[in-house]
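Peer 1: Right, I'll just put the structure down here and ask away after.
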Amino acid sequence: MSAFNAIGEEREIDRDEFTPEIEPQATWCPGCGDFGVLKALKQAMPEVGRNPEETLLVTGIGCSGKLSSYFRSYGFHSIHGRSLPVARAAKMANPDLEVIAAGGDGDGYGIGGNHFMHTARENHDMTYIVFDNEIFGLTKGQTSPTSPKGHKSKTQPHGSAKQPIRPLSLALTSGASYIARTAAVNPNQAKEILTEAMEHDGFAHVDFLTQCPTWNKDAKQYVPYIDVQDSDDYDFDITDRSEASEMMQKAENALYEGEVLTGRFYHDEDRPSYQQEKQATGDMPEEPLAERYFDEDYEWERSYDLLDRHK
């Protein structure tokens with residue numbers, strides 16, 4: 001039995017199914033990299049074999065938050081920096097859902113940075129797409145956690161005195177089990193990486209470089225880019241944490257020197273997800289919470305019965 005009839009349905013999926021029947025006019029600026037994320041995500045879904053009824057997209061606040069309006073699936077537009085806790089709860093209640101969280105660099109690495117670290121540490125089974133344009137875009141161009149040192153903005157008119165967040169390294173040290181970086185200007189690679197991220201069992205973090213032509217002209221278009229898997233200049237084992245960490249530092253240093261290194265940086269296929277860990281210890285039931293709503297014979301526990309276990 002499944003909480004939703006569509007879950008587990010085997011049929012051919014078309015990317016056009018993820019376009020709303022009444023498609024809203026996108027309000028992203030012309031040339032915005034967010035269009036690239038939307039296109040890559042729609043292209044990846046048929047590869048994963050999921051239909052809109054099997055998919056939940058949770059977004060934060062910012063230009064990236066509009067993604068759920070232009071992508072047909074179950075959607076939840078959360079508050080600033082809080083897409084991950086909402087996505088975590090949904091995945092635990094209904095593990096059969098394909099859960100995707102999305103947010104900007106300010107939303108995910110700044111305001112929601114604590115949720116990012118602990119969701120990675122606990123290895124929740126979901127995909128987290130961070131639209132990284134090195135600026136707060138929706139609020140008209142303030143310095144963000146990934147803005148380079150010296151970057152001038154409305155909030156830092158004399159230039160930022162702070163070093164930027166290193167998102168790939170932060171994801172690795174926090175415990176993410178799949179880490180990659182792609183760019184809106186590389187749609188084929190973006191589709192492949194999003195497909196791998198969704199197929200991965202565990203927390204998959206994708207740092208998606210999205211140019212902002214309106215409020216961050218310094219970032220240009222993130223071209224030319226180099227795929228580290230296709231380049232002879234970079235040879236490292238993505239399953240080795242030490243080698244992955246060294247490569248991430250190279251990529252993060254190179255970005256602010258004008259060299260864009262993209263690709264897969266780390267992949268741990270053996271680490272169990274948070275849900276698997278909890279089921280193994282008996283703290284999470286085998287029957288998902290969502291299934292119980294469709295079981296007329298299920299006897300609901302009382303909260304005081306659950307609390308008795310912890311006395």
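Identifiers in this document derive from the order of the structure tokens: chains are assigned A, B, ..., residues are numbered from 1 separately in each chain, and ligands are numbered from 1 in order of occurrence.
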Write out as a Markdown table the residues of region 178-222 of chain A that have any atom within 7 Å of an atom of region 115-135 of chain A, one row each with the nearest atom pair and its distance in Å to one decimal, counting only C-alpha atoms, sorted by chain and then rising number.
Peer 2:
```
| residue | atom | partner | partner_atom | distance |
| --- | --- | --- | --- | --- |
| A:Ala197 | CA | A:Thr127 | CA | 6.0 |
| A:Met198 | CA | A:Thr127 | CA | 5.8 |
| A:Asp201 | CA | A:Asp125 | CA | 5.6 |
| A:Gly202 | CA | A:Asp125 | CA | 3.9 |
| A:Phe203 | CA | A:Asn123 | CA | 4.8 |
| A:Ala204 | CA | A:Thr127 | CA | 4.7 |
| A:His205 | CA | A:Tyr128 | CA | 5.0 |
| A:Val206 | CA | A:Ile129 | CA | 5.0 |
| A:Asp207 | CA | A:Val130 | CA | 5.1 |
| A:Phe208 | CA | A:Phe131 | CA | 5.1 |
| A:Leu209 | CA | A:Asp132 | CA | 4.8 |
| A:Thr210 | CA | A:Asn133 | CA | 5.0 |
| A:Gln211 | CA | A:Asn133 | CA | 5.4 |
| A:Cys212 | CA | A:Asn133 | CA | 6.0 |
| A:Asn216 | CA | A:Ile135 | CA | 6.4 |
```
Peer 1: Excluding Pro213 (chain A) and its own-chain neighbours fewer than 5 positions away, which residues fall within 12 Å of it when counting only C-alpha atoms? Please give them as a ChimeraX atom specification.
Peer 2: /A:28-34,133-135,137,140-141,218-222
Peer 1: Near Asn188 (chain A), counting only C-alpha atoms, which residues have an atom at most 12 Å away, once you skip same-chain residues fewer than 6 positions from it, shown as a ChimeraX atom specification?
Peer 2: /A:36-37,39-41,43-44,182,194-195,227,263
Peer 1: To test your reading of the structure, identify every residue in region 126-238 of chain A that backbone DSSP assigns to strand (DSSP E or B), and report it as a list in words.
Peer 2: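 Checking each residue of region 126-238 of chain A, the strand (DSSP E or B) ones are Met126, Thr127, Tyr128, Ile129, Val130, Phe131, Asp132, Phe136, Gln142, Tyr178, Ile179, Ala180, Arg181, Thr182, Ala183, Phe203, Ala204, His205, Val206, Asp207, Phe208, Leu209, Tyr225, Ile226 and Asp227 of chain A.
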Peer 1: My list of candidates is A:Arg302, A:His267, A:His151, A:Arg15. Which is closest to Val48 (chain A) when distances are computed with only C-alpha atoms?
Peer 2: A:Arg15
Peer 1: Which residues come within 12 Å of Gln249 (chain A), counting only C-alpha atoms, excluding same-chain residues fewer than 3 positions away, as a list in words?
Peer 2: Ile165, Arg166, Pro167, Leu168, Ser169, Leu170, Leu172, Ser242, Glu243, Ala244, Ser245, Glu246, Glu252, Asn253, Ala254, Leu255, Tyr256, Leu261 and Phe265 of chain A
Peer 1: How would you write, as an MDAnalysis selection string, the set of residues in region 14-207 of chain A that DSSP gives as alpha helix (DSSP H)?
Peer 2: chainID A and resid 34:48 67:70 83:93 105 113:122 167:174 187:199
Peer 1: Would you please work out which residue, of A:Pro148, A:Pro95, A:Phe18, A:Ser83, is nearest to Glu257 (chain A) when using only C-alpha atoms?
Peer 2: A:Pro148
Peer 1: Figure out the distance between CA of Ala190 (chain A) and CA of Met248 (chain A), please, to one decimal in Å.
Peer 2: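 We find that CA of Met248 (chain A) and CA of Ala190 (chain A) lie 17.9 Å from each other.
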Peer 1: Which residues are near Pro20 (chain A)? Cut-off 9 Å, only C-alpha atoms, ignore same chain within fewer than 6 positions. Put them as an MDAnalysis selection string.
Peer 2: chainID A and resid 69:73
Peer 1: Nearest to Pro187 (chain A) among A:Asp297, A:Arg50, A:Pro85, A:Tyr225, with distances taken over only C-alpha atoms: which residue is it?
Peer 2: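 Nearest to Pro187 (chain A): A:Tyr225.
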Peer 1: Between CA of Lys250 (chain A) and CA of Gly60 (chain A), what distance in Å does the model show, to one decimal?
Peer 2: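 Atom-to-atom, CA of Lys250 (chain A) to CA of Gly60 (chain A), that is 29.4 Å.
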Peer 1: Residues near region 152-156 of chain A, anyone? I mean within 7 Å using only C-alpha atoms, not counting same-chain ones fewer than 3 positions away, as JSON, numbers by chain.
Peer 2: {"A": [141, 142, 143, 159, 160]}
Peer 1: Hey, what's within 6 Å of region 53-59 of chain A if we count only C-alpha atoms and toss same-chain stuff fewer than 4 positions away? As a count of residues only, please?
Peer 2: 16
Peer 1: Counting only C-alpha atoms, which of A:Ala93, A:Asp240, A:Met284, A:Pro224 gets nearest to Gly258 (chain A)?
Peer 2: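 Selected residue with least distance to Gly258 (chain A): A:Pro224.
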Peer 1: If I take CA of Tyr178 (chain A) and CA of His80 (chain A), how far is one from the other in Å, to one decimal?
Peer 2: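 The value is 24.2 Å.
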